[in-house]
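Worksheet: the structure to be examined is printed underneath.
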Amino acid sequence: MPGAARAFMVFGALSALLGAAPPLKAQDRVPIEAVRAINTARTRSVKINGGLQVYRPASCMFATAALDNPCLVSSDSDGFVFSFMGGPPAWQERDLAPSLETEIRISPDGTIVEELIYNGPPR
């Protein structure tokens with residue numbers, strides 16, 4: 001078996017074993033503005049809630065900013081709105097209830113926090 005074919009088989013088997021998602025197709029790629037927006041929102045939420053030593057946003061804030069991300073409330077000409085829970089480090093892994101909820105609007109280019117809509121106890 002040629003090296004490239006063997007590498008593809010190994011990669012495919014490893015991806016299946018690890019549960020990795022299939023590679024994105026060109027039409028599925030997330031716009032750079034959406035990538036910036038989720039990073040901006042996550043970074044701001046960590047900063048205002050005390051840093052990574054005491055706070056972690058929900059895992060969806062570490063995922064892609066694709067339209068099917070449950071943290072992404074809206075994405076339009078007004079920008080990106082994210083709403084997500086957070087809590088102490090490992091709160092999700094330990095099945096603990098979140099202690100904070102954050103809702104935040106990011107600029108259409110993904111670089112500016114335009115509004116902190118809510119940051120407090122889960123509503």
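Starting from 1 in every chain, residues are counted up; chains themselves are A, B, ... following the order of the structure tokens, and ligands are numbered from 1 as listed.
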**Request:** Find the spatial neighbours of region 41-58 of chain A, counting only C-alpha atoms, within a cut-off of 12 Å - ignore same-chain residues fewer than 2 positions away - and output them as a PyMOL selection string.
**Result:** chain A and resi 34-39+60-65+69-72+79-93+95-107+110-121
**Message:** Could you tell me how far CA of Pro31 (chain A) sits from CA of Leu67 (chain A), in Å to one decimal place?
**Reply:**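 Separating CA of Leu67 (chain A) from CA of Pro31 (chain A) is a distance of 10.5 Å.
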**Request:** Step one, run DSSP on the backbone; step two, keep only residues of region 42-75 of chain A assigned to helix (DSSP H, G or I); then write them as a count of residues only.
**Result:** 11
